[in-house]
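Student: Contents are mmCIF, C-alpha atoms; file name upload_38.cif:
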```cif
data_target
#
loop_
_atom_site.label_atom_id
_atom_site.label_comp_id
_atom_site.auth_asym_id
_atom_site.auth_seq_id
_atom_site.Cartn_x
_atom_site.Cartn_y
_atom_site.Cartn_z
CA MET K 1 14.69 -17.10 -3.95
CA ILE K 2 10.95 -16.59 -4.36
CA GLN K 3 8.92 -17.70 -7.35
CA VAL K 4 7.41 -14.87 -9.42
CA SER K 5 4.87 -15.65 -12.13
CA GLU K 6 4.64 -14.23 -15.59
CA ILE K 7 2.89 -10.85 -15.87
CA TYR K 8 -0.91 -10.83 -16.00
CA THR K 9 -3.28 -7.96 -16.83
CA ASP K 10 -6.45 -9.50 -15.42
CA ARG K 11 -7.66 -10.39 -11.93
CA PRO K 12 -6.70 -13.70 -10.32
CA ALA K 13 -9.17 -16.56 -10.80
CA GLU K 14 -9.56 -16.90 -7.03
CA LEU K 15 -9.77 -13.92 -4.67
CA THR K 16 -8.90 -14.78 -1.08
CA ASN K 17 -9.93 -11.81 1.08
CA THR K 18 -12.18 -8.74 1.14
CA VAL K 19 -9.40 -6.24 0.43
CA GLN K 20 -8.30 -8.17 -2.63
CA GLU K 21 -11.90 -8.47 -3.87
CA GLN K 22 -12.50 -4.74 -3.34
CA ALA K 23 -9.18 -3.85 -5.03
CA TYR K 24 -10.00 -5.61 -8.29
CA GLN K 25 -13.61 -4.41 -8.23
CA ALA K 26 -12.48 -0.79 -7.77
CA MET K 27 -9.87 -1.06 -10.54
CA ASP K 28 -12.58 -2.45 -12.87
CA GLU K 29 -15.04 0.33 -11.99
CA LEU K 30 -12.42 3.08 -12.24
CA MET K 31 -10.87 1.62 -15.40
CA ILE K 32 -7.45 1.48 -13.78
CA SER K 33 -5.12 -0.70 -15.81
CA PHE K 34 -2.54 -2.78 -14.01
CA GLU K 35 0.02 -5.49 -14.37
CA ARG K 36 0.27 -8.14 -11.69
CA VAL K 37 2.31 -11.12 -10.64
CA ALA K 38 1.59 -14.05 -8.36
CA THR K 39 4.37 -15.04 -5.98
CA ASP K 40 5.38 -17.24 -3.12
CA GLU K 41 4.60 -15.50 0.16
CA VAL K 42 6.48 -12.19 0.35
CA ILE K 43 6.88 -10.32 3.63
CA THR K 44 9.99 -8.10 3.47
CA MET K 45 11.16 -5.39 1.11
CA GLU K 46 14.17 -7.59 0.31
CA ASP K 47 11.75 -10.27 -0.92
CA CYS K 48 10.31 -7.69 -3.34
CA GLN K 49 13.48 -7.37 -5.45
CA GLN K 50 12.44 -10.08 -7.89
CA ILE K 51 8.95 -8.56 -8.18
CA ASN K 52 10.51 -5.16 -8.93
CA GLU K 53 12.64 -6.71 -11.66
CA ARG K 54 9.74 -8.63 -13.24
CA LEU K 55 7.37 -5.63 -13.26
CA ASP K 56 10.13 -3.08 -14.00
CA MET K 57 9.21 -0.75 -11.13
CA ASN K 58 9.88 -0.29 -7.42
CA MET K 59 7.55 -1.59 -4.76
CA VAL K 60 6.41 0.97 -2.19
CA LYS K 61 6.81 0.38 1.54
CA THR K 62 3.43 0.63 3.27
CA LEU K 63 3.50 1.04 7.05
CA PHE K 64 0.59 0.97 9.49
CA LEU K 65 1.29 3.37 12.34
CA CYS K 66 -0.53 4.70 15.39
CA ASN K 67 -0.11 7.05 18.31
CA ARG K 68 0.57 5.74 21.81
CA GLN K 69 -3.13 5.85 22.77
CA GLN K 70 -4.06 3.92 19.60
CA THR K 71 -6.63 6.57 18.69
CA ASN K 72 -4.96 7.97 15.54
CA PHE K 73 -3.93 5.67 12.72
CA TYR K 74 -1.78 6.30 9.66
CA LEU K 75 -1.08 4.33 6.51
CA PHE K 76 2.29 5.70 5.47
CA VAL K 77 3.55 4.94 1.97
CA THR K 78 7.18 5.58 1.19
CA ARG K 79 9.84 4.24 -1.16
CA GLY K 80 10.87 0.68 -0.49
CA ASP K 81 14.54 1.58 -0.20
CA LYS K 82 14.00 4.46 2.23
CA PRO K 83 14.53 3.84 5.94
CA PHE K 84 11.62 4.77 8.21
CA ARG K 85 12.31 7.16 11.08
CA SER K 86 9.38 7.75 13.41
CA LYS K 87 10.85 11.07 14.49
CA ASP K 88 10.95 12.42 10.91
CA PHE K 89 7.42 11.20 10.15
CA SER K 90 6.00 12.76 13.32
CA LYS K 91 7.84 16.03 12.74
CA ALA K 92 6.56 16.29 9.15
CA LEU K 93 2.96 15.87 10.36
CA GLU K 94 3.51 17.91 13.54
CA ILE K 95 2.16 15.10 15.71
CA ALA K 96 3.40 13.13 18.72
CA ARG K 97 5.69 10.25 17.93
CA VAL K 98 4.10 7.17 16.38
CA SER K 99 4.89 3.48 16.45
CA PHE K 100 3.88 0.43 14.46
CA ALA K 101 0.31 -0.68 15.05
CA SER K 102 -0.19 -4.26 16.22
CA GLU K 103 -0.78 -7.21 13.96
CA GLU K 104 -4.28 -7.50 15.45
CA LEU K 105 -5.14 -3.87 14.68
CA MET K 106 -3.79 -4.29 11.18
CA ALA K 107 -6.06 -7.29 10.56
CA GLU K 108 -9.06 -5.52 12.10
CA MET K 109 -8.65 -2.10 10.49
CA LEU K 110 -6.85 -2.82 7.20
CA GLY K 111 -8.16 -6.31 6.52
CA THR K 112 -4.64 -7.58 5.84
CA LYS K 113 -1.80 -9.36 7.56
CA ILE K 114 1.83 -8.35 7.99
CA GLY K 115 3.45 -7.97 4.57
CA ALA K 116 0.18 -7.17 2.79
CA ALA K 117 -0.47 -3.59 3.91
CA THR K 118 -1.80 -1.72 0.91
CA VAL K 119 -3.49 1.50 -0.15
CA PHE K 120 -6.42 -0.70 -1.20
CA SER K 121 -7.29 -1.07 2.49
CA THR K 122 -8.90 2.36 2.15
CA LEU K 123 -11.74 0.48 0.45
CA VAL K 124 -12.55 -1.37 3.70
CA ASP K 125 -12.29 1.78 5.85
CA PRO K 126 -15.55 3.63 5.09
CA GLU K 127 -15.37 5.53 8.39
CA LYS K 128 -11.96 6.91 7.39
CA LYS K 129 -10.32 5.93 10.68
CA VAL K 130 -6.97 5.61 8.89
CA GLN K 131 -5.21 8.71 7.56
CA ILE K 132 -3.37 8.21 4.27
CA VAL K 133 0.11 9.74 4.13
CA PHE K 134 2.41 9.49 1.10
CA ASP K 135 6.06 10.42 0.95
CA GLN K 136 6.60 13.06 -1.75
CA ASP K 137 9.05 10.67 -3.49
CA VAL K 138 6.23 8.14 -4.05
CA VAL K 139 3.96 10.75 -5.64
CA GLU K 140 6.74 11.69 -8.05
CA ASP K 141 7.26 8.08 -9.25
CA GLN K 142 5.51 7.06 -12.47
CA TRP K 143 4.67 3.59 -11.16
CA TYR K 144 3.14 2.48 -7.88
CA GLY K 145 3.99 -1.09 -6.90
CA CYS K 146 1.95 -2.63 -4.08
CA SER K 147 0.22 -5.67 -2.66
CA ASP K 148 -3.28 -6.51 -3.83
CA GLY K 149 -4.20 -7.20 -0.20
CA THR K 150 -2.38 -10.52 -0.03
CA THR K 151 1.24 -11.57 0.47
CA THR K 152 1.17 -13.45 -2.83
CA GLY K 153 -0.18 -10.88 -5.30
CA TYR K 154 1.57 -7.68 -6.40
CA LEU K 155 0.52 -4.89 -8.72
CA LYS K 156 2.07 -2.23 -10.94
CA ILE K 157 -0.25 0.75 -11.37
CA ALA K 158 0.25 4.30 -12.60
CA THR K 159 0.79 6.43 -9.48
CA LYS K 160 -1.55 9.09 -10.87
CA ASP K 161 -4.37 6.49 -10.92
CA ILE K 162 -3.86 5.83 -7.22
CA VAL K 163 -3.79 9.54 -6.36
CA GLU K 164 -6.40 10.83 -8.81
CA LYS K 165 -8.84 7.91 -9.00
CA LEU K 166 -8.52 5.37 -6.16
CA LEU K 167 -8.16 7.69 -3.17
CA PRO K 168 -11.05 9.99 -4.20
CA TYR K 169 -13.16 6.85 -4.88
CA SER K 170 -12.38 5.60 -1.36
CA LYS K 171 -13.20 9.09 -0.02
CA HIS K 172 -9.84 9.29 1.75
CA ASP K 173 -7.83 12.49 1.74
CA LEU K 174 -4.16 12.26 0.95
CA THR K 175 -1.50 14.04 2.97
CA ILE K 176 1.86 14.34 1.23
CA ILE K 177 5.00 14.87 3.32
CA GLU K 178 8.73 15.09 2.74
CA VAL K 179 10.86 12.89 4.95
#
```
Represent the supplied structure as structure tokens.
Tutor:
Amino acid sequence: MIQVSEIYTDRPAELTNTVQEQAYQAMDELMISFERVATDEVITMEDCQQINERLDMNMVKTLFLCNRQQTNFYLFVTRGDKPFRSKDFSKALEIARVSFASEELMAEMLGTKIGAATVFSTLVDPEKKVQIVFDQDVVEDQWYGCSDGTTTGYLKIATKDIVEKLLPYSKHDLTIIEV
């Protein structure tokens, strides 16, 4: 059982990494309102159940994928309760099969560790090396639940603010697929 704080509507007093700093700065600049909780370290989707209950939403599953040559990278966001099938993802994008990128590549390219993959990593990818891919189901949800770039901070944001404000601000195009 993980500890989940009360709900806050302001940034944490201490920011611990660049992605987290950039996330709160962008939300301030873009006037994106959010609710957040602080938690014990959370790594798995199962660990997110208590966060979902506290924030009354469903956390997304954010996967960092790459091709075999490690030349094409994808941040795939899907529903937390949906199983990932590489074959379905690759077919939807009409690309060769992908696999999970390494922990080292994740740290280098996304600025996060395992369990903290987040759409806010687009803010530390100015060269747009990572393609952003959302499952259609995520786009249709009212709320977008994600990490703030750490494994101890989680956010509830209007999905339309992610799609219509954050991604254009980060200059990343969004590909939407059905899987």
Student: Can you work out the spacing between CA of Arg79 in chain K and CA of Glu29 in chain K in Å, to one decimal?
Tutor: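 Between CA of Arg79 in chain K and CA of Glu29 in chain K the gap is 27.4 Å.
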Student: Counting all atoms listed in the file, which residue out of K:Val130, K:Tyr74, K:Val124, K:Leu65 sits closest to Phe100 in chain K?
Tutor: K:Leu65
Student: Counting only C-alpha atoms, figure out which residue out of K:Met1, K:Leu75, K:Cys66, K:Leu123 gets nearest to Leu166 in chain K.
Tutor: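 Closest to Leu166 in chain K of all the choices is K:Leu123.
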Student: Go ahead and compute the interatomic distance for CA of Ala101 in chain K and CA of Val163 in chain K, in Å to one decimal.
Tutor: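 Separation of CA of Ala101 in chain K and CA of Val163 in chain K: 24.1 Å.
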Student: Quick one: which residues end up in the PyMOL selection byres ((chain K and resi 95) around 12) for this structure, as a PyMOL selection string?
Tutor: chain K and resi 66-68+72-74+86-94+96-99
Student: Please list as a list in words every residue within 12 Å of Asp56 in chain K, counting only C-alpha atoms and excluding residues in the same chain fewer than 2 positions away.
Tutor: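 Residues near the query, excluding close chain neighbours: Ile7, Glu35, Arg36, Val37, Cys48, Gln49, Gln50, Ile51, Asn52, Glu53, Arg54, Asn58, Met59, Gln142, Trp143, Tyr144, Gly145, Leu155, Lys156 and Ile157 of chain K.
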Student: Pick out the closest residue to Gln3 in chain K from this set: K:Gln20, K:Phe120, K:Phe64, K:Gly153. Count all atoms listed in the file.
Tutor: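 Using all atoms listed in the file, the shortest distance to Gln3 in chain K belongs to K:Gly153.
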Student: Just the number, please: distance in Å from CA of Gln69 in chain K to CA of Ser102 in chain K, one decimal.
Tutor: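 We find that CA of Gln69 in chain K and CA of Ser102 in chain K lie 12.4 Å from each other.
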Student: Care to translate the PyMOL selection byres ((chain K and resi 173) around 10) into actual residues of this file, as a JSON list (two decimals) with C-alpha atoms, keeping the file's coordinate frame?
Tutor:
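Everything below was put into out_34.json:
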```json
[["chain", "number", "residue", "atom", "x", "y", "z"],
["K", 128, "LYS", "CA", -11.96, 6.91, 7.39],
["K", 130, "VAL", "CA", -6.97, 5.61, 8.89],
["K", 131, "GLN", "CA", -5.21, 8.71, 7.56],
["K", 132, "ILE", "CA", -3.37, 8.21, 4.27],
["K", 133, "VAL", "CA", 0.11, 9.74, 4.13],
["K", 163, "VAL", "CA", -3.79, 9.54, -6.36],
["K", 167, "LEU", "CA", -8.16, 7.69, -3.17],
["K", 168, "PRO", "CA", -11.05, 9.99, -4.20],
["K", 170, "SER", "CA", -12.38, 5.60, -1.36],
["K", 171, "LYS", "CA", -13.20, 9.09, -0.02],
["K", 172, "HIS", "CA", -9.84, 9.29, 1.75],
["K", 174, "LEU", "CA", -4.16, 12.26, 0.95],
["K", 175, "THR", "CA", -1.50, 14.04, 2.97],
["K", 176, "ILE", "CA", 1.86, 14.34, 1.23]]
```
Student: Take the PyMOL selection byres ((chain K and resi 45) around 9), run it mentally on this structure, and tell me the resulting residues as a ChimeraX atom specification.
Tutor: /K:42-44,46-49,59-61,80-81,115
Student: Restricting the output to C-alpha atoms, write the selected residues as a tab-separated table (two decimals), in the frame of the given file.
Tutor:
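Written output follows (selection21.tsv):
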```tsv
chain	number	residue	atom	x	y	z
K	42	VAL	CA	6.48	-12.19	0.35
K	43	ILE	CA	6.88	-10.32	3.63
K	44	THR	CA	9.99	-8.10	3.47
K	46	GLU	CA	14.17	-7.59	0.31
K	47	ASP	CA	11.75	-10.27	-0.92
K	48	CYS	CA	10.31	-7.69	-3.34
K	49	GLN	CA	13.48	-7.37	-5.45
K	59	MET	CA	7.55	-1.59	-4.76
K	60	VAL	CA	6.41	0.97	-2.19
K	61	LYS	CA	6.81	0.38	1.54
K	80	GLY	CA	10.87	0.68	-0.49
K	81	ASP	CA	14.54	1.58	-0.20
K	115	GLY	CA	3.45	-7.97	4.57
```
Student: So which one's closest to Asp135 in chain K, K:Asp161, K:Gln70, K:Leu63, K:Glu104? Using only C-alpha atoms, please.
Tutor: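 Counting only C-alpha atoms, the residue closest to Asp135 in chain K is K:Leu63.
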Student: Determine the nearest neighbour of Lys165 in chain K from the options K:Ser33, K:Ala13, K:Glu21, K:Glu140, counting all atoms listed in the file.
Tutor: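 Ranking K:Ser33, K:Ala13, K:Glu21, K:Glu140 by distance to Lys165 in chain K, first place goes to K:Ser33.
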Student: Give me the residues within 8 Å of Gln136 in chain K as a compact mmCIF listing (two decimals) with C-alpha atoms, keeping the file's coordinate frame, counting all atoms listed in the file and dropping any in the same chain fewer than 6 places off.
Tutor:
```txt
# COMPACT_ATOMS: atom_id res chain seq x y z
CA ILE K 176 1.86 14.34 1.23
CA ILE K 177 5.00 14.87 3.32
CA GLU K 178 8.73 15.09 2.74
CA VAL K 179 10.86 12.89 4.95
```
Student: Between K:Thr122, K:Phe34, K:Gln22, K:Val138, single out the one closest to Asp10 in chain K, counting only C-alpha atoms.
Tutor: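 Answer, going by the shortest atom-to-atom distance: K:Phe34.
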Student: Assuming the input is short of atoms at range 60-73 of chain K, produce N, CA, C and O atoms for that part as a PDB file, in the coordinates of the input.
Tutor:
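Saved file part.pdb follows:
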```pdb
ATOM      1  N   VAL K  60       6.448   0.007  -3.290  1.00  0.00           N
ATOM      2  CA  VAL K  60       6.410   0.970  -2.190  1.00  0.00           C
ATOM      3  C   VAL K  60       6.470   0.203  -0.866  1.00  0.00           C
ATOM      4  O   VAL K  60       6.180  -0.997  -0.813  1.00  0.00           O
ATOM      5  N   LYS K  61       6.850   0.917   0.178  1.00  0.00           N
ATOM      6  CA  LYS K  61       6.810   0.380   1.540  1.00  0.00           C
ATOM      7  C   LYS K  61       5.585   1.002   2.193  1.00  0.00           C
ATOM      8  O   LYS K  61       5.449   2.227   2.228  1.00  0.00           O
ATOM      9  N   THR K  62       4.674   0.157   2.678  1.00  0.00           N
ATOM     10  CA  THR K  62       3.430   0.630   3.270  1.00  0.00           C
ATOM     11  C   THR K  62       3.424   0.244   4.748  1.00  0.00           C
ATOM     12  O   THR K  62       3.454  -0.943   5.073  1.00  0.00           O
ATOM     13  N   LEU K  63       3.402   1.252   5.609  1.00  0.00           N
ATOM     14  CA  LEU K  63       3.500   1.040   7.050  1.00  0.00           C
ATOM     15  C   LEU K  63       2.214   1.459   7.748  1.00  0.00           C
ATOM     16  O   LEU K  63       1.648   2.511   7.432  1.00  0.00           O
ATOM     17  N   PHE K  64       1.779   0.659   8.706  1.00  0.00           N
ATOM     18  CA  PHE K  64       0.590   0.970   9.490  1.00  0.00           C
ATOM     19  C   PHE K  64       1.045   1.445  10.863  1.00  0.00           C
ATOM     20  O   PHE K  64       1.632   0.685  11.623  1.00  0.00           O
ATOM     21  N   LEU K  65       0.772   2.713  11.147  1.00  0.00           N
ATOM     22  CA  LEU K  65       1.290   3.370  12.340  1.00  0.00           C
ATOM     23  C   LEU K  65       0.155   3.894  13.212  1.00  0.00           C
ATOM     24  O   LEU K  65      -0.953   4.130  12.723  1.00  0.00           O
ATOM     25  N   CYS K  66       0.470   4.111  14.491  1.00  0.00           N
ATOM     26  CA  CYS K  66      -0.530   4.700  15.390  1.00  0.00           C
ATOM     27  C   CYS K  66       0.157   5.481  16.494  1.00  0.00           C
ATOM     28  O   CYS K  66       1.353   5.317  16.745  1.00  0.00           O
ATOM     29  N   ASN K  67      -0.634   6.327  17.152  1.00  0.00           N
ATOM     30  CA  ASN K  67      -0.110   7.050  18.310  1.00  0.00           C
ATOM     31  C   ASN K  67      -0.117   6.116  19.526  1.00  0.00           C
ATOM     32  O   ASN K  67      -0.649   5.011  19.465  1.00  0.00           O
ATOM     33  N   ARG K  68       0.443   6.572  20.607  1.00  0.00           N
ATOM     34  CA  ARG K  68       0.570   5.740  21.810  1.00  0.00           C
ATOM     35  C   ARG K  68      -0.791   5.286  22.332  1.00  0.00           C
ATOM     36  O   ARG K  68      -0.952   4.163  22.803  1.00  0.00           O
ATOM     37  N   GLN K  69      -1.788   6.159  22.253  1.00  0.00           N
ATOM     38  CA  GLN K  69      -3.130   5.850  22.770  1.00  0.00           C
ATOM     39  C   GLN K  69      -3.935   4.952  21.819  1.00  0.00           C
ATOM     40  O   GLN K  69      -5.033   4.524  22.154  1.00  0.00           O
ATOM     41  N   GLN K  70      -3.396   4.708  20.642  1.00  0.00           N
ATOM     42  CA  GLN K  70      -4.060   3.920  19.600  1.00  0.00           C
ATOM     43  C   GLN K  70      -5.421   4.522  19.253  1.00  0.00           C
ATOM     44  O   GLN K  70      -6.421   3.825  19.105  1.00  0.00           O
ATOM     45  N   THR K  71      -5.412   5.852  19.092  1.00  0.00           N
ATOM     46  CA  THR K  71      -6.630   6.570  18.690  1.00  0.00           C
ATOM     47  C   THR K  71      -6.469   7.209  17.312  1.00  0.00           C
ATOM     48  O   THR K  71      -7.464   7.525  16.675  1.00  0.00           O
ATOM     49  N   ASN K  72      -5.244   7.419  16.869  1.00  0.00           N
ATOM     50  CA  ASN K  72      -4.960   7.970  15.540  1.00  0.00           C
ATOM     51  C   ASN K  72      -4.137   6.955  14.767  1.00  0.00           C
ATOM     52  O   ASN K  72      -3.132   6.450  15.271  1.00  0.00           O
ATOM     53  N   PHE K  73      -4.574   6.699  13.530  1.00  0.00           N
ATOM     54  CA  PHE K  73      -3.930   5.670  12.720  1.00  0.00           C
ATOM     55  C   PHE K  73      -3.507   6.255  11.375  1.00  0.00           C
ATOM     56  O   PHE K  73      -4.202   7.092  10.803  1.00  0.00           O
TER      57      PHE K  73
END
```
